[in-house]
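Novice: query-v3.tsv is reproduced below (TSV, C-alpha atoms).
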```
chain	number	residue	atom	x	y	z
A	17	MET	CA	2.63	-3.16	-24.22
A	18	PHE	CA	3.16	-4.48	-20.72
A	19	ASP	CA	0.55	-7.15	-19.95
A	20	ASP	CA	1.33	-9.31	-16.95
A	21	ASP	CA	-1.84	-11.19	-16.02
A	22	HIS	CA	-0.37	-13.67	-13.56
A	23	GLU	CA	-2.44	-14.63	-10.55
A	24	THR	CA	-1.84	-12.66	-7.38
A	25	THR	CA	0.59	-14.46	-5.09
A	26	VAL	CA	0.77	-13.85	-1.35
A	27	ILE	CA	3.51	-15.46	0.70
A	28	ARG	CA	3.00	-15.84	4.42
A	29	VAL	CA	5.22	-17.50	7.00
A	30	PRO	CA	2.88	-18.30	9.93
A	31	GLY	CA	4.21	-17.71	13.40
A	32	GLN	CA	6.94	-15.28	12.31
A	33	ALA	CA	7.03	-11.59	13.04
A	34	GLU	CA	6.28	-9.24	10.17
A	35	GLN	CA	9.78	-7.80	10.11
A	36	GLN	CA	12.35	-9.19	7.70
A	37	GLU	CA	14.22	-12.22	8.95
A	38	THR	CA	17.89	-11.52	9.47
A	39	GLY	CA	19.24	-14.93	10.37
A	40	ALA	CA	19.29	-18.33	8.74
A	41	GLY	CA	19.01	-21.88	9.98
A	42	GLY	CA	21.78	-24.42	10.12
A	43	ALA	CA	20.92	-25.62	6.61
A	44	GLY	CA	20.72	-22.18	5.03
A	45	CYS	CA	17.67	-20.30	3.80
A	46	LEU	CA	15.31	-19.56	0.92
A	47	VAL	CA	15.05	-16.08	-0.62
A	48	VAL	CA	12.06	-15.06	-2.75
A	49	ILE	CA	13.55	-13.73	-6.00
A	50	TYR	CA	10.37	-13.64	-8.14
A	51	GLY	CA	6.77	-13.03	-7.14
A	52	GLN	CA	5.15	-11.30	-4.20
A	53	GLY	CA	7.28	-11.15	-1.08
A	54	LEU	CA	10.34	-10.29	-3.16
A	55	GLY	CA	13.44	-10.37	-1.00
A	56	ARG	CA	11.81	-12.33	1.83
A	57	LEU	CA	14.30	-14.53	3.65
A	58	ILE	CA	12.98	-17.84	5.04
A	59	PRO	CA	15.45	-19.68	7.29
A	60	LEU	CA	15.59	-23.47	7.29
A	61	ASP	CA	15.65	-23.65	11.06
A	62	GLY	CA	13.59	-26.81	11.55
A	63	HIS	CA	13.50	-30.39	10.31
A	64	VAL	CA	10.68	-29.86	7.78
A	65	LEU	CA	9.59	-26.77	5.84
A	66	GLY	CA	6.32	-27.31	3.99
A	67	ILE	CA	5.31	-25.11	1.06
A	68	GLY	CA	1.77	-24.93	-0.31
A	69	ARG	CA	-1.61	-23.24	-0.27
A	70	ASP	CA	-2.81	-24.81	2.98
A	71	PRO	CA	-2.45	-22.47	6.00
A	72	ALA	CA	-0.85	-25.35	7.93
A	73	ASN	CA	2.29	-25.06	5.78
A	74	ARG	CA	5.29	-23.21	7.11
A	75	VAL	CA	5.39	-21.21	3.87
A	76	VAL	CA	1.94	-20.42	2.49
A	77	VAL	CA	1.79	-19.48	-1.20
A	78	GLU	CA	-1.75	-18.32	-1.92
A	79	GLN	CA	-1.99	-19.04	-5.63
A	80	GLU	CA	-4.39	-21.31	-7.50
A	81	SER	CA	-1.57	-23.03	-9.41
A	82	VAL	CA	-0.07	-24.15	-6.08
A	83	SER	CA	-1.37	-27.32	-4.41
A	84	ARG	CA	-2.49	-27.34	-0.79
A	85	ARG	CA	0.54	-29.43	0.15
A	86	HIS	CA	2.86	-28.73	-2.75
A	87	CYS	CA	6.38	-29.64	-1.64
A	88	GLU	CA	8.62	-29.74	1.38
A	89	ILE	CA	12.24	-29.30	2.35
A	90	ARG	CA	13.68	-31.69	4.92
A	91	VAL	CA	16.87	-30.94	6.81
A	92	ARG	CA	19.17	-33.85	7.69
A	93	ASP	CA	22.74	-33.58	8.96
A	94	GLY	CA	22.94	-29.92	7.96
A	95	GLN	CA	21.81	-30.57	4.39
A	96	ALA	CA	18.50	-29.63	2.75
A	97	PHE	CA	16.51	-32.03	0.57
A	98	LEU	CA	13.57	-31.03	-1.64
A	99	GLN	CA	10.63	-33.33	-2.35
A	100	ASP	CA	7.45	-32.76	-4.35
A	101	LEU	CA	4.31	-34.00	-2.57
A	102	GLY	CA	2.34	-35.02	-5.64
A	103	SER	CA	1.42	-31.46	-6.58
A	104	THR	CA	-0.89	-30.85	-9.53
A	105	ASN	CA	1.44	-28.49	-11.43
A	106	GLY	CA	4.78	-29.82	-10.29
A	107	THR	CA	7.79	-28.53	-8.40
A	108	TYR	CA	10.76	-27.36	-10.48
A	109	LEU	CA	14.39	-27.31	-9.44
A	110	ASN	CA	16.59	-25.35	-11.86
A	111	ASP	CA	13.86	-25.67	-14.52
A	112	SER	CA	13.64	-29.48	-14.20
A	113	GLU	CA	10.55	-31.05	-12.68
A	114	ILE	CA	11.19	-33.30	-9.71
A	115	HIS	CA	9.00	-36.37	-9.29
A	116	PRO	CA	7.88	-37.86	-5.98
A	117	PRO	CA	8.99	-39.69	-3.96
A	118	ARG	CA	12.50	-38.74	-5.11
A	119	GLU	CA	14.38	-36.23	-2.95
A	120	GLU	CA	16.82	-33.75	-4.43
A	121	LEU	CA	19.78	-32.36	-2.49
A	122	LEU	CA	19.76	-28.55	-2.59
A	123	ARG	CA	22.98	-26.75	-3.42
A	124	SER	CA	23.64	-23.08	-2.81
A	125	GLY	CA	22.32	-21.06	-5.76
A	126	ASP	CA	19.63	-23.58	-6.76
A	127	LEU	CA	16.33	-22.11	-7.99
A	128	LEU	CA	13.07	-23.62	-6.73
A	129	LYS	CA	9.86	-22.78	-8.62
A	130	VAL	CA	6.48	-23.31	-6.96
A	131	GLY	CA	3.58	-22.02	-9.04
A	132	GLY	CA	4.48	-18.48	-10.09
A	133	THR	CA	7.01	-17.96	-7.30
A	134	ILE	CA	10.76	-18.56	-7.50
A	135	PHE	CA	12.89	-19.13	-4.41
A	136	LYS	CA	16.69	-19.17	-4.37
A	137	TYR	CA	18.43	-21.49	-1.94
A	138	LEU	CA	21.44	-20.11	-0.08
A	139	GLY	CA	23.60	-22.65	1.72
A	140	ALA	CA	24.61	-22.27	5.36
A	141	GLY	CA	28.10	-20.90	4.64
A	142	SER	CA	28.27	-17.07	4.53
A	143	VAL	CA	24.50	-16.68	4.38
A	144	GLU	CA	24.53	-13.02	5.41
A	145	ALA	CA	26.99	-11.99	2.69
A	146	SER	CA	25.15	-14.12	0.09
A	147	TYR	CA	21.83	-12.62	1.10
A	148	HIS	CA	22.98	-9.03	0.74
A	149	GLU	CA	24.57	-9.88	-2.61
A	150	GLU	CA	21.28	-11.42	-3.73
A	151	ILE	CA	19.32	-8.35	-2.63
A	152	TYR	CA	21.58	-6.16	-4.80
A	153	ARG	CA	21.22	-8.58	-7.69
A	154	MET	CA	17.42	-8.49	-7.42
A	155	ALA	CA	17.57	-4.71	-7.87
A	156	ILE	CA	19.04	-5.08	-11.37
A	157	VAL	CA	18.09	-8.60	-12.58
A	158	ASP	CA	14.69	-10.03	-13.46
A	159	GLY	CA	14.11	-13.07	-11.26
A	160	LEU	CA	12.20	-15.11	-13.84
A	161	THR	CA	14.38	-14.74	-16.93
A	162	GLU	CA	17.75	-13.99	-15.27
A	163	VAL	CA	18.36	-11.05	-17.63
A	164	ASN	CA	18.62	-7.43	-16.55
A	165	ASN	CA	15.46	-5.63	-15.55
A	166	ARG	CA	13.83	-2.37	-16.58
A	167	ARG	CA	15.59	-0.34	-13.91
A	168	TYR	CA	19.05	-1.45	-15.03
A	169	LEU	CA	18.10	-1.00	-18.70
A	170	LEU	CA	17.20	2.66	-18.22
A	171	GLU	CA	20.44	3.37	-16.35
A	172	PHE	CA	22.53	1.52	-18.95
A	173	LEU	CA	20.80	3.21	-21.88
A	174	ASP	CA	21.20	6.65	-20.31
A	175	ARG	CA	24.97	6.06	-20.01
A	176	GLU	CA	25.24	4.76	-23.57
A	177	MET	CA	23.28	7.68	-24.99
A	178	ALA	CA	25.62	10.12	-23.21
A	179	ARG	CA	28.66	8.26	-24.57
A	180	CYS	CA	27.14	8.19	-28.05
A	181	ASN	CA	26.59	11.97	-28.01
A	182	ARG	CA	29.96	12.75	-26.46
A	183	HIS	CA	32.02	10.68	-28.91
A	184	ASP	CA	29.69	10.73	-31.92
A	185	ARG	CA	29.38	6.92	-31.96
A	186	PRO	CA	26.49	4.82	-33.33
A	187	LEU	CA	23.90	3.30	-31.00
A	188	SER	CA	20.85	1.21	-31.79
A	189	LEU	CA	18.23	-0.69	-29.88
A	190	LEU	CA	15.54	-3.27	-30.50
A	191	VAL	CA	12.25	-3.83	-28.74
A	192	PHE	CA	10.72	-7.25	-29.29
A	193	ASP	CA	7.97	-9.37	-27.85
A	194	LEU	CA	6.41	-12.76	-28.40
A	195	ASP	CA	3.62	-13.07	-30.93
A	196	HIS	CA	0.35	-14.24	-29.38
A	197	PHE	CA	1.86	-14.69	-25.92
A	198	LYS	CA	-1.55	-14.45	-24.25
A	199	GLN	CA	-2.67	-17.39	-26.38
A	200	ILE	CA	0.32	-19.41	-25.12
A	201	ASN	CA	-0.72	-18.68	-21.52
A	202	ASP	CA	-4.37	-19.43	-22.20
A	203	THR	CA	-3.62	-22.69	-24.04
A	204	HIS	CA	-0.71	-24.11	-22.08
A	205	GLY	CA	-0.93	-22.26	-18.76
A	206	HIS	CA	1.17	-19.57	-17.07
A	207	LEU	CA	3.87	-22.02	-15.99
A	208	ALA	CA	4.43	-22.86	-19.66
A	209	GLY	CA	4.48	-19.15	-20.47
A	210	ASP	CA	7.17	-18.63	-17.84
A	211	ALA	CA	9.19	-21.49	-19.32
A	212	VAL	CA	8.94	-19.88	-22.78
A	213	LEU	CA	10.19	-16.54	-21.45
A	214	ARG	CA	13.15	-18.19	-19.71
A	215	GLU	CA	14.16	-20.27	-22.73
A	216	LEU	CA	13.79	-17.30	-25.07
A	217	SER	CA	15.97	-15.13	-22.82
A	218	LEU	CA	18.65	-17.79	-22.52
A	219	SER	CA	18.77	-18.30	-26.29
A	220	VAL	CA	18.93	-14.59	-27.13
A	221	LYS	CA	21.76	-14.03	-24.62
A	222	ARG	CA	23.89	-16.54	-26.53
A	223	LEU	CA	23.57	-14.39	-29.64
A	224	MET	CA	24.89	-11.25	-28.02
A	225	ARG	CA	28.30	-9.73	-27.43
A	226	LYS	CA	29.57	-8.89	-23.97
A	227	GLU	CA	29.11	-5.14	-24.39
A	228	GLU	CA	25.48	-5.48	-25.52
A	229	LEU	CA	22.51	-5.63	-23.18
A	230	LEU	CA	19.36	-7.74	-23.05
A	231	ALA	CA	16.70	-6.63	-20.56
A	232	ARG	CA	13.14	-7.60	-19.76
A	233	PHE	CA	11.08	-4.43	-20.10
A	234	GLY	CA	7.86	-5.94	-18.79
A	235	GLY	CA	5.59	-8.92	-19.45
A	236	ASP	CA	6.84	-10.57	-22.65
A	237	GLU	CA	8.56	-7.42	-23.94
A	238	PHE	CA	12.36	-7.24	-24.12
A	239	VAL	CA	14.88	-4.60	-25.14
A	240	VAL	CA	18.28	-5.17	-26.74
A	241	VAL	CA	20.79	-2.31	-26.62
A	242	LEU	CA	23.48	-2.44	-29.31
A	243	PRO	CA	26.39	-0.05	-28.66
A	244	GLU	CA	28.58	0.69	-31.69
A	245	SER	CA	25.86	-0.58	-34.04
A	246	THR	CA	24.45	1.40	-36.96
A	247	ALA	CA	20.86	1.07	-38.18
A	248	GLU	CA	22.03	-1.34	-40.89
A	249	GLN	CA	23.88	-3.48	-38.34
A	250	ALA	CA	20.82	-3.47	-36.05
A	251	ARG	CA	18.65	-4.69	-38.93
A	252	ALA	CA	21.13	-7.49	-39.63
A	253	PHE	CA	21.08	-8.47	-35.95
A	254	SER	CA	17.27	-8.47	-36.04
A	255	GLN	CA	17.27	-10.94	-38.92
A	256	ARG	CA	19.62	-13.24	-36.99
A	257	LEU	CA	17.32	-12.94	-33.99
A	258	LEU	CA	14.23	-13.82	-36.03
A	259	THR	CA	16.03	-16.84	-37.48
A	260	LEU	CA	17.16	-17.97	-34.03
A	261	VAL	CA	13.71	-17.73	-32.46
A	262	GLY	CA	12.13	-19.42	-35.45
A	263	SER	CA	14.43	-22.41	-34.91
A	264	LEU	CA	13.67	-22.78	-31.19
A	265	ARG	CA	12.01	-25.97	-30.03
A	266	ILE	CA	10.53	-25.21	-26.63
A	267	VAL	CA	9.00	-28.22	-24.90
A	268	PHE	CA	7.05	-27.97	-21.67
A	269	GLU	CA	5.59	-31.07	-20.05
A	270	LYS	CA	6.15	-33.04	-23.27
A	271	ARG	CA	4.28	-30.48	-25.40
A	272	GLU	CA	6.11	-28.41	-27.98
A	273	ILE	CA	5.22	-24.72	-27.97
A	274	PRO	CA	5.95	-22.90	-31.25
A	275	VAL	CA	7.08	-19.30	-30.81
A	276	SER	CA	7.82	-16.27	-32.96
A	277	ILE	CA	8.62	-12.64	-32.23
A	278	SER	CA	8.10	-9.21	-33.74
A	279	ILE	CA	10.82	-6.56	-33.54
A	280	GLY	CA	10.94	-2.77	-33.61
A	281	ILE	CA	14.28	-1.07	-34.36
A	282	ALA	CA	15.52	2.43	-33.57
A	283	SER	CA	18.87	4.14	-33.93
A	284	MET	CA	20.18	7.13	-32.01
A	285	SER	CA	18.90	10.54	-33.12
A	286	PRO	CA	19.34	14.07	-31.70
A	287	ARG	CA	15.62	14.12	-30.89
A	288	PHE	CA	16.10	11.32	-28.34
A	289	THR	CA	16.93	13.39	-25.29
A	290	GLU	CA	16.15	10.63	-22.80
A	291	PRO	CA	15.92	6.81	-22.82
A	292	ALA	CA	12.11	6.79	-22.81
A	293	LEU	CA	11.97	8.61	-26.18
A	294	PHE	CA	14.48	6.19	-27.72
A	295	ILE	CA	12.48	3.18	-26.53
A	296	GLU	CA	9.19	4.73	-27.67
A	297	GLU	CA	10.53	4.98	-31.24
A	298	ALA	CA	11.44	1.28	-31.29
A	299	ASP	CA	8.15	0.37	-29.62
A	300	ALA	CA	6.20	2.23	-32.31
A	301	ASN	CA	8.06	0.21	-34.95
A	302	LEU	CA	7.25	-2.96	-33.01
A	303	LEU	CA	3.54	-2.11	-33.21
A	304	ALA	CA	3.95	-1.56	-36.96
A	305	ALA	CA	5.62	-4.98	-37.30
A	306	LYS	CA	2.60	-6.55	-35.64
A	307	ARG	CA	0.18	-4.67	-37.87
A	308	TYR	CA	2.00	-5.92	-40.96
A	309	GLY	CA	1.67	-9.58	-40.00
A	310	ARG	CA	4.05	-10.28	-37.06
A	311	GLY	CA	7.19	-12.38	-37.20
A	312	ARG	CA	9.18	-9.53	-38.74
A	313	ALA	CA	11.36	-6.51	-37.93
A	314	ILE	CA	10.62	-2.90	-38.82
A	315	GLY	CA	12.82	0.14	-38.33
```
Kindly transcribe the structure held in the file into structure tokens.

Specialist:
Amino acid sequence: MFDDDHETTVIRVPGQAEQQETGAGGAGCLVVIYGQGLGRLIPLDGHVLGIGRDPANRVVVEQESVSRRHCEIRVRDGQAFLQDLGSTNGTYLNDSEIHPPREELLRSGDLLKVGGTIFKYLGAGSVEASYHEEIYRMAIVDGLTEVNNRRYLLEFLDREMARCNRHDRPLSLLVFDLDHFKQINDTHGHLAGDAVLRELSLSVKRLMRKEELLARFGGDEFVVVLPESTAEQARAFSQRLLTLVGSLRIVFEKREIPVSISIGIASMSPRFTEPALFIEEADANLLAAKRYGRGRAIG
């Protein structure tokens, strides 16, 4: 059910060698944490770093949703300041749009979204250690939603299935996705779709216990792993999840976007010899939930 139809994004840094940058400027650096060029380090080693579609920019993001001169980062007295340049689709700092001519001081850990690409700003102090930590984090965390990714999910589920079999403990999982997500993208645009995915992830995480896992499986599809939960408990959790999502009020650029989800449920069985089989069972129930009218849980 993976359907990611975002535009292709190519990031180029003119004048730099093709190899990965290893140093950072006096004001820190940007790291690409979502989109093409994942893991690319861009040092702030000059006074101005322009970002946009025009080849004259220091960082060229070749995507239609990015303006020719989209935004820039200016370095003054060892600090970095972000300014939007009147872009068509806006520049977002930690999910909040910044409006020209206002400048925003960047702090280490800030997330900068330009079109479909997300950069993370790392301050000048301990850049090398922060960069390597971020590279590890990118291996297990989805850059857009800030929840765990498919790779981490499969490793986590494999461990939980082994524990479940070894100690004869219950284990359940849910697979859910947004109803009519393509319509959201087509009507409101991909930036709005990204905002919906982030807000949904943040809200669902608040519902979960520490030992449970939420992961983005692909596109708008997510998996929740519920250790120590029986089928009945998983169904109860699903109803709480449906109620939560139904109460969400997601607003993007002053427009409210109504959302709902469908859920497939599965509980551990001897026939699930690997994580893929477990997930397939829940995914089949998700498809059934959609056939029976969406906005419901089956399993």

Novice: Can you tell me which residues surround region 218-235 of chain A at a distance of at most 10 Å, considering all atoms listed in the file, apart from same-chain residues fewer than 2 positions away, and format the answer as a PyMOL selection string?

Specialist: chain A and resi 17-22+156-158+160-170+172-173+189-194+197+210+212-216+237-245+253+256-257+260-261+264

Novice: Sort by chain and increasing residue number a table of all residues of region 255-315 of chain A within 12 Å of region 92-114 of chain A, each with its closest pair of atoms and their distance in Å to one decimal, counting all atoms listed in the file, and write it as a tab-separated table.

Specialist:
```
residue	atom	partner	partner_atom	distance
A:Val267	CA	A:Ser112	CA	11.7
A:Phe268	CA	A:Ser112	CA	10.1
A:Glu269	CA	A:Glu113	CA	8.9
A:Lys270	CA	A:Glu113	CA	11.6
```

Novice: Determine the nearest neighbour of Thr203 (chain A) from the options A:Ala252, A:Arg118, A:Ile266, A:Ile273, counting all atoms listed in the file.

Specialist: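 Counting all atoms listed in the file, the residue closest to Thr203 (chain A) is A:Ile273.
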
Novice: Can you pull out every residue within 12 Å of Asn181 (chain A), counting all atoms listed in the file, but drop anything in the same chain fewer than 3 positions away, and send it as a ChimeraX atom specification?

Specialist: /A:174-178,184-187,284-290

Novice: Write a file of the just-selected residues containing C-alpha atoms, as an mmCIF file, in the coordinates of the input.

Specialist:
```
data_model
loop_
_atom_site.group_PDB
_atom_site.id
_atom_site.type_symbol
_atom_site.label_atom_id
_atom_site.label_comp_id
_atom_site.auth_asym_id
_atom_site.auth_seq_id
_atom_site.Cartn_x
_atom_site.Cartn_y
_atom_site.Cartn_z
ATOM 1 C CA ASP A 174 21.200 6.650 -20.310
ATOM 2 C CA ARG A 175 24.970 6.060 -20.010
ATOM 3 C CA GLU A 176 25.240 4.760 -23.570
ATOM 4 C CA MET A 177 23.280 7.680 -24.990
ATOM 5 C CA ALA A 178 25.620 10.120 -23.210
ATOM 6 C CA ASP A 184 29.690 10.730 -31.920
ATOM 7 C CA ARG A 185 29.380 6.920 -31.960
ATOM 8 C CA PRO A 186 26.490 4.820 -33.330
ATOM 9 C CA LEU A 187 23.900 3.300 -31.000
ATOM 10 C CA MET A 284 20.180 7.130 -32.010
ATOM 11 C CA SER A 285 18.900 10.540 -33.120
ATOM 12 C CA PRO A 286 19.340 14.070 -31.700
ATOM 13 C CA ARG A 287 15.620 14.120 -30.890
ATOM 14 C CA PHE A 288 16.100 11.320 -28.340
ATOM 15 C CA THR A 289 16.930 13.390 -25.290
ATOM 16 C CA GLU A 290 16.150 10.630 -22.800
#
```

Novice: If you count only C-alpha atoms, which residues fall within 6 Å of Leu65 (chain A), apart from same-chain ones fewer than 6 positions away, as an MDAnalysis selection string?

Specialist: chainID A and resid 74 88:89

Novice: What would the list of residues within 10 Å of (5.0, -23.9, 2.8) (file frame) look like as a list in words, if all atoms listed in the file are what count?

Specialist: Ile27, Arg28, Val29, Pro30, Val64, Leu65, Gly66, Ile67, Gly68, Arg69, Asp70, Pro71, Ala72, Asn73, Arg74, Val75, Val76, Val77, Glu78, Arg84, Arg85, His86, Cys87, Glu88, Ile89 and Val130 of chain A

Novice: So that I can check the surroundings of Ile281 (chain A), please list as an MDAnalysis selection string every protein, DNA and RNA residue that reaches within 8 Å of it, counting all atoms listed in the file and ignoring chain neighbours fewer than 5 positions away.

Specialist: chainID A and resid 188:191 247 250:251 297:299 301:302 313:315
